[in-house]
Amino acid sequence: MAFEKLRKEETLAMRKRLIGQSCRLFYSDEPVKIIKARGQYLFDENDKRYLDCISNVHHVGHCHPSITKAAAEQMDLLNTNARFLHDNIVMYADRLAATLPEKLCVFYFVNSGSEANDLALRLAQQYTQHQDVIVLDHAYHGHLMSLIDISPYKFRKLAGQKEWVHVAPLPDTYRGIYREDHPNPGQAYADTVKDLIEEVHRKGRKISAFFAESLPSVGGQIILPQGYSTKVAEYVRSAGGVFVADEVQTGFGRVGSHFWAFQLQGEGFCPDIVTMGKPMGNGHPLACVATTVEIAGAFTANGVEYFNTFGGNPVSCAIGLAVLDVIEKEDLRGNATRVGAHLKDLLTKLQTQHQIIGDVRGVGLFVGLELVSDRDQKTPATETAARVVKRLKEEDQICVSTDGPWENVVKFKPPMCFSMEDAELAVRCIDRILTDMEASDI
């Protein structure tokens with residue numbers, strides 16, 4: 001059945017009438033109507049092509065033929081409740097286990113990163129029999145009520161901080177309390193968590209989990225200092241808690257050198273629970289929690305069955321398997337390493353030419369460009385960042401977005417097929433726009 005095509009104005013009018021207004025569009029002043037996509041490119045209703053630097057969800061590229069083929073073939077054969085015995089779920093779990101440290105060997109499949117993080121919270125609280133959670137400042141872990149409670153990025157604008165939630169400083173070595181010039185920022189930031197645990201204990205409360213993104217994204221594309229997670233895990237476990245690594249944004253090889261971003265902290269570090277989502281199904285709703293036999297055992301022992309109607313269904317798992325195949329066959333981790341390093345290098349060179357570029361940071365295809373109006377004061381250049389994003393879309397058909405507490409970090413999280421030429425084009429256009437803005441003294 002063919003759907004009737006609407007004019008852009010009609011689509012926008014219907015959306016305003018029918019869809020909740022808190023569900024905002026990209027470029028809300030002048031939205032782009034995207035009707036098809038392939039690889040790292042988006043196409044609007046006039047077949048105008050946009051370079052996509054935003055869609056980390058479409059991990060191996062939009063509408064990858066191998067993924068759509070696997071989805072269609074399995075959908076044509078069977079898609080049913082995940083409580084029927086089926087090969088795909090166990091084969092997929094086995095493939096995921098091969099990418100993780102040995103102790104993370106039990107899997108729960110769900111449909112979104114929010115569901116995965118909510119379940120991780122339940123697992124941690126059930127296993128430890130404690131309630132309290134430590135999170136990083138500016139963190140975002142999902143849109144369920146349980147996750148808004150542990151997401152300072154959200155709860156500060158809403159009902160505020162619950163008494164069982166404790167916020168540790170974001171380990172940001174650019175503008176945080178310990179910076180690049182500190183001899184050991186990893187240890188120093190980990191000690192802030194240790195101090196927080198002691199404070200919690202003085203209140204007669206107990207920690208169930210330290211919950212953090214392996215690379216804080218909403219916080220501004222932050223790269224955690226070396227040694228941080230290892231020390232935090234040590235402190236949290238000695239307090240009877242567990243370490244939860246949220247890999248919803250960063251997993252599946254985005255960092256290039258490793259399959260999981262938590263592995264950047266060194267071979268000796270292993271979380272107790274890992275959550276994954278977004279890129280896992282290349283746009284299909286698929287997410288997961290990986291944990292240890294002990295934690296899973298405690299969850300089973302509560303006597304309450306856990307089932308998820310769609311989590312791990314045959315189609316989702318067929319897609320998940322196909323994504324893993326493409327990552328391997330097309331060497332997308334290698335591409336993330338090569339292209340990401342080139343992008344970072346080009347942006348770092350740009351930093352020497354434009355005073356407004358305060359910091360360039362990232363790993364693989366997870367890169368942030370922080371704009372500041374004063375390098376010494378690190379004053380966030382929020383308006384300039386918004387203008388750069390707007391002009392890239394309008395003048396160059398390049399889609400990027402901003403992040404960070406002040407929305408002054410231009411972020412790159414493109415599909416993993418992003419090329420050297422794409423990186424060069426994006427940087428060339430940013431250079432032109434910044435030069436033009438400086439000339440206009442804006």
# chains A, B, ... in the order shown; residues from 1 in each chain; ligands from 1
>>> residues_around(residues="region 288-292 of chain A", least_positions_apart="3", cutoff="8 Å", atoms="only C-alpha atoms", output="list in words")
Lys103, Leu104, Cys105, Val106, Phe107, Tyr108, Phe109, Val110, Asn111, Ser112, Gly113, Ala116, Asn117, Leu119, Ala120, Asp272, Ile273, Val274, Thr275, Met276, Gly277, Ile295 and Ala296 of chain A
>>> write_last_selection(atoms="N, CA and C atoms", output="mmCIF file, in the first residue's frame")
data_model
loop_
_atom_site.group_PDB
_atom_site.id
_atom_site.type_symbol
_atom_site.label_atom_id
_atom_site.label_comp_id
_atom_site.auth_asym_id
_atom_site.auth_seq_id
_atom_site.Cartn_x
_atom_site.Cartn_y
_atom_site.Cartn_z
ATOM 1 N N LYS A 103 33.363 -12.391 32.587
ATOM 2 C CA LYS A 103 32.383 -12.433 33.691
ATOM 3 C C LYS A 103 31.019 -11.833 33.310
ATOM 4 N N LEU A 104 30.981 -11.039 32.228
ATOM 5 C CA LEU A 104 29.700 -10.469 31.775
ATOM 6 C C LEU A 104 29.080 -11.438 30.773
ATOM 7 N N CYS A 105 28.345 -12.401 31.292
ATOM 8 C CA CYS A 105 27.942 -13.542 30.448
ATOM 9 C C CYS A 105 26.457 -13.892 30.532
ATOM 10 N N VAL A 106 25.663 -13.042 31.193
ATOM 11 C CA VAL A 106 24.217 -13.271 31.247
ATOM 12 C C VAL A 106 23.537 -12.035 30.650
ATOM 13 N N PHE A 107 22.552 -12.262 29.771
ATOM 14 C CA PHE A 107 21.951 -11.176 28.999
ATOM 15 C C PHE A 107 20.441 -11.102 29.187
ATOM 16 N N TYR A 108 19.940 -9.871 29.248
ATOM 17 C CA TYR A 108 18.505 -9.601 29.254
ATOM 18 C C TYR A 108 18.232 -8.660 28.082
ATOM 19 N N PHE A 109 17.398 -9.083 27.144
ATOM 20 C CA PHE A 109 17.109 -8.245 25.974
ATOM 21 C C PHE A 109 15.837 -7.427 26.191
ATOM 22 N N VAL A 110 15.945 -6.150 25.807
ATOM 23 C CA VAL A 110 14.825 -5.213 25.941
ATOM 24 C C VAL A 110 14.725 -4.412 24.630
ATOM 25 N N ASN A 111 13.990 -3.301 24.639
ATOM 26 C CA ASN A 111 13.715 -2.583 23.393
ATOM 27 C C ASN A 111 14.339 -1.203 23.281
ATOM 28 N N SER A 112 14.841 -0.665 24.370
ATOM 29 C CA SER A 112 15.419 0.680 24.316
ATOM 30 C C SER A 112 16.458 0.836 25.414
ATOM 31 N N GLY A 113 17.320 1.833 25.226
ATOM 32 C CA GLY A 113 18.323 2.132 26.244
ATOM 33 C C GLY A 113 17.698 2.486 27.576
ATOM 34 N N ALA A 116 16.765 -0.656 29.263
ATOM 35 C CA ALA A 116 17.977 -1.346 29.723
ATOM 36 C C ALA A 116 18.487 -0.713 31.017
ATOM 37 N N ASN A 117 18.526 0.610 31.069
ATOM 38 C CA ASN A 117 19.029 1.284 32.268
ATOM 39 C C ASN A 117 18.097 1.109 33.460
ATOM 40 N N LEU A 119 16.249 -1.538 33.988
ATOM 41 C CA LEU A 119 16.484 -2.909 34.453
ATOM 42 C C LEU A 119 17.814 -3.005 35.206
ATOM 43 N N ALA A 120 18.845 -2.298 34.723
ATOM 44 C CA ALA A 120 20.148 -2.300 35.408
ATOM 45 C C ALA A 120 20.009 -1.780 36.836
ATOM 46 N N ASP A 272 30.265 -4.303 36.493
ATOM 47 C CA ASP A 272 29.435 -5.417 36.968
ATOM 48 C C ASP A 272 28.183 -5.563 36.114
ATOM 49 N N ILE A 273 27.758 -4.444 35.517
ATOM 50 C CA ILE A 273 26.584 -4.429 34.634
ATOM 51 C C ILE A 273 26.908 -3.486 33.471
ATOM 52 N N VAL A 274 26.571 -3.900 32.255
ATOM 53 C CA VAL A 274 26.734 -3.042 31.082
ATOM 54 C C VAL A 274 25.378 -2.928 30.385
ATOM 55 N N THR A 275 24.984 -1.700 30.050
ATOM 56 C CA THR A 275 23.749 -1.516 29.283
ATOM 57 C C THR A 275 24.107 -1.060 27.873
ATOM 58 N N MET A 276 23.299 -1.487 26.919
ATOM 59 C CA MET A 276 23.553 -1.133 25.516
ATOM 60 C C MET A 276 22.228 -0.884 24.820
ATOM 61 N N GLY A 277 22.257 -0.094 23.757
ATOM 62 C CA GLY A 277 21.019 0.229 23.046
ATOM 63 C C GLY A 277 21.307 0.876 21.712
ATOM 64 N N ILE A 295 24.899 -11.593 39.906
ATOM 65 C CA ILE A 295 23.856 -10.547 39.919
ATOM 66 C C ILE A 295 22.568 -11.090 39.308
ATOM 67 N N ALA A 296 22.691 -11.827 38.205
ATOM 68 C CA ALA A 296 21.505 -12.438 37.575
ATOM 69 C C ALA A 296 20.847 -13.429 38.525
#
>>> closest_atom_pairs(of="region 133-204 of chain A", to="region 230-246 of chain A", cutoff="7 Å", atoms="only C-alpha atoms", output="CSV")
residue,atom,partner,partner_atom,distance
A:Gln187,CA,A:Lys231,CA,6.9
A:Ala190,CA,A:Val232,CA,5.3
A:Val193,CA,A:Val232,CA,6.7
A:Lys194,CA,A:Tyr235,CA,6.0
>>> write_last_selection(atoms="N, CA and C atoms", output="PDB file, in the first residue's frame")
ATOM      1  N   GLN A 187      42.682   9.768  39.481  1.00  0.00           N
ATOM      2  CA  GLN A 187      42.665   9.492  40.923  1.00  0.00           C
ATOM      3  C   GLN A 187      41.920  10.596  41.676  1.00  0.00           C
ATOM      4  N   ALA A 190      38.238  10.277  41.098  1.00  0.00           N
ATOM      5  CA  ALA A 190      37.753   9.064  41.781  1.00  0.00           C
ATOM      6  C   ALA A 190      37.621   9.322  43.284  1.00  0.00           C
ATOM      7  N   VAL A 193      34.389  10.620  44.455  1.00  0.00           N
ATOM      8  CA  VAL A 193      33.365   9.576  44.632  1.00  0.00           C
ATOM      9  C   VAL A 193      33.545   8.916  45.991  1.00  0.00           C
ATOM     10  N   LYS A 194      34.805   8.684  46.368  1.00  0.00           N
ATOM     11  CA  LYS A 194      35.105   8.102  47.682  1.00  0.00           C
ATOM     12  C   LYS A 194      34.560   8.994  48.805  1.00  0.00           C
TER      13      LYS A 194
END
>>> residues_around(residues="region 51-57 of chain A", least_positions_apart="6", cutoff="10 Å", atoms="only C-alpha atoms", output="MDAnalysis selection string")
chainID A and resid 37 39:43 248:250 254 277:285 365:366 392:393 396:402 411:416 418 422:423 425:426
>>> write_last_selection(atoms="C-alpha atoms", output="CSV table (one decimal), in the first residue's frame")
chain,number,residue,atom,x,y,z
A,37,ALA,CA,18.6,7.8,3.6
A,39,GLY,CA,24.9,5.3,4.4
A,40,GLN,CA,25.9,8.6,6.0
A,41,TYR,CA,23.5,10.6,3.8
A,42,LEU,CA,20.0,11.9,4.3
A,43,PHE,CA,17.7,13.1,1.5
A,248,VAL,CA,23.9,3.1,25.1
A,249,GLN,CA,25.7,5.9,23.1
A,250,THR,CA,29.2,4.6,22.9
A,254,ARG,CA,32.4,3.7,18.0
A,277,GLY,CA,21.0,0.2,23.0
A,278,LYS,CA,20.9,2.9,20.3
A,279,PRO,CA,23.4,1.5,17.7
A,280,MET,CA,22.6,-2.1,18.5
A,281,GLY,CA,19.8,-2.5,16.0
A,282,ASN,CA,20.9,0.2,13.5
A,283,GLY,CA,17.6,2.0,14.0
A,284,HIS,CA,15.5,-1.0,15.0
A,285,PRO,CA,14.4,-0.9,18.7
A,365,LEU,CA,33.9,8.7,15.9
A,366,PHE,CA,32.9,10.4,19.2
A,392,LEU,CA,26.1,24.2,8.4
A,393,LYS,CA,22.6,22.9,7.7
A,396,ASP,CA,26.4,23.2,3.4
A,397,GLN,CA,23.7,20.6,4.0
A,398,ILE,CA,25.7,19.2,6.9
A,399,CYS,CA,23.7,18.0,10.0
A,400,VAL,CA,25.5,18.4,13.4
A,401,SER,CA,24.1,19.3,16.8
A,402,THR,CA,25.3,20.7,20.1
A,411,LYS,CA,29.4,17.1,18.5
A,412,PHE,CA,30.2,14.5,15.9
A,413,LYS,CA,28.6,11.0,16.3
A,414,PRO,CA,28.1,10.0,12.7
A,415,PRO,CA,27.3,6.6,11.2
A,416,MET,CA,30.5,4.5,11.3
A,418,PHE,CA,31.7,8.3,7.7
A,422,ASP,CA,33.3,13.7,4.9
A,423,ALA,CA,35.5,14.7,7.8
A,425,LEU,CA,34.3,18.7,4.1
A,426,ALA,CA,32.8,19.2,7.6
>>> residues_around(residues="region 169-177 of chain A", least_positions_apart="6", cutoff="7 Å", atoms="only C-alpha atoms", output="CSV table (one decimal) with C-alpha atoms, in the first residue's frame")
chain,number,residue,atom,x,y,z
A,136,LEU,CA,27.8,12.0,37.4
A,137,ASP,CA,26.8,15.6,37.2
A,189,TYR,CA,38.1,12.6,40.4
A,222,ILE,CA,33.7,13.9,27.9
A,224,LEU,CA,37.1,10.0,31.3
>>> residues_around(residues="Glu424 (chain A)", least_positions_apart="3", cutoff="9 Å", atoms="only C-alpha atoms", output="PyMOL selection string")
chain A and resi 342-343+346+419-421+427-429
>>> closest_residue(among="A:Leu286, A:Cys317, A:Ile19, A:Val60", to="Arg333 (chain A)", atoms="only C-alpha atoms")
A:Val60
>>> residues_around(residues="Ala385 (chain A)", least_positions_apart="6", cutoff="8 Å", atoms="only C-alpha atoms", output="list in words")
Leu371, Thr402, Glu407, Asn408, Val409 and Val410 of chain A
>>> closest_residue(among="A:Phe307, A:Leu196, A:Gly220, A:Asn313", to="Asp359 (chain A)", atoms="only C-alpha atoms")
A:Gly220
>>> select_by_dssp(residues="region 197-228 of chain A", states="alpha helix (DSSP H)", output="list in words")
Ile197, Glu198, Glu199, Val200, His201, Arg202 and Tyr228 of chain A
>>> residues_around(residues="Lys344 (chain A)", least_positions_apart="5", cutoff="8 Å", atoms="only C-alpha atoms", output="PyMOL selection string")
chain A and resi 360-362+367
>>> atom_distance(atom1="CA of Ser229 (chain A)", atom2="CA of Trp164 (chain A)")
21.6 Å
>>> atom_distance(atom1="CA of Ala439 (chain A)", atom2="CA of Tyr50 (chain A)")
26.8 Å
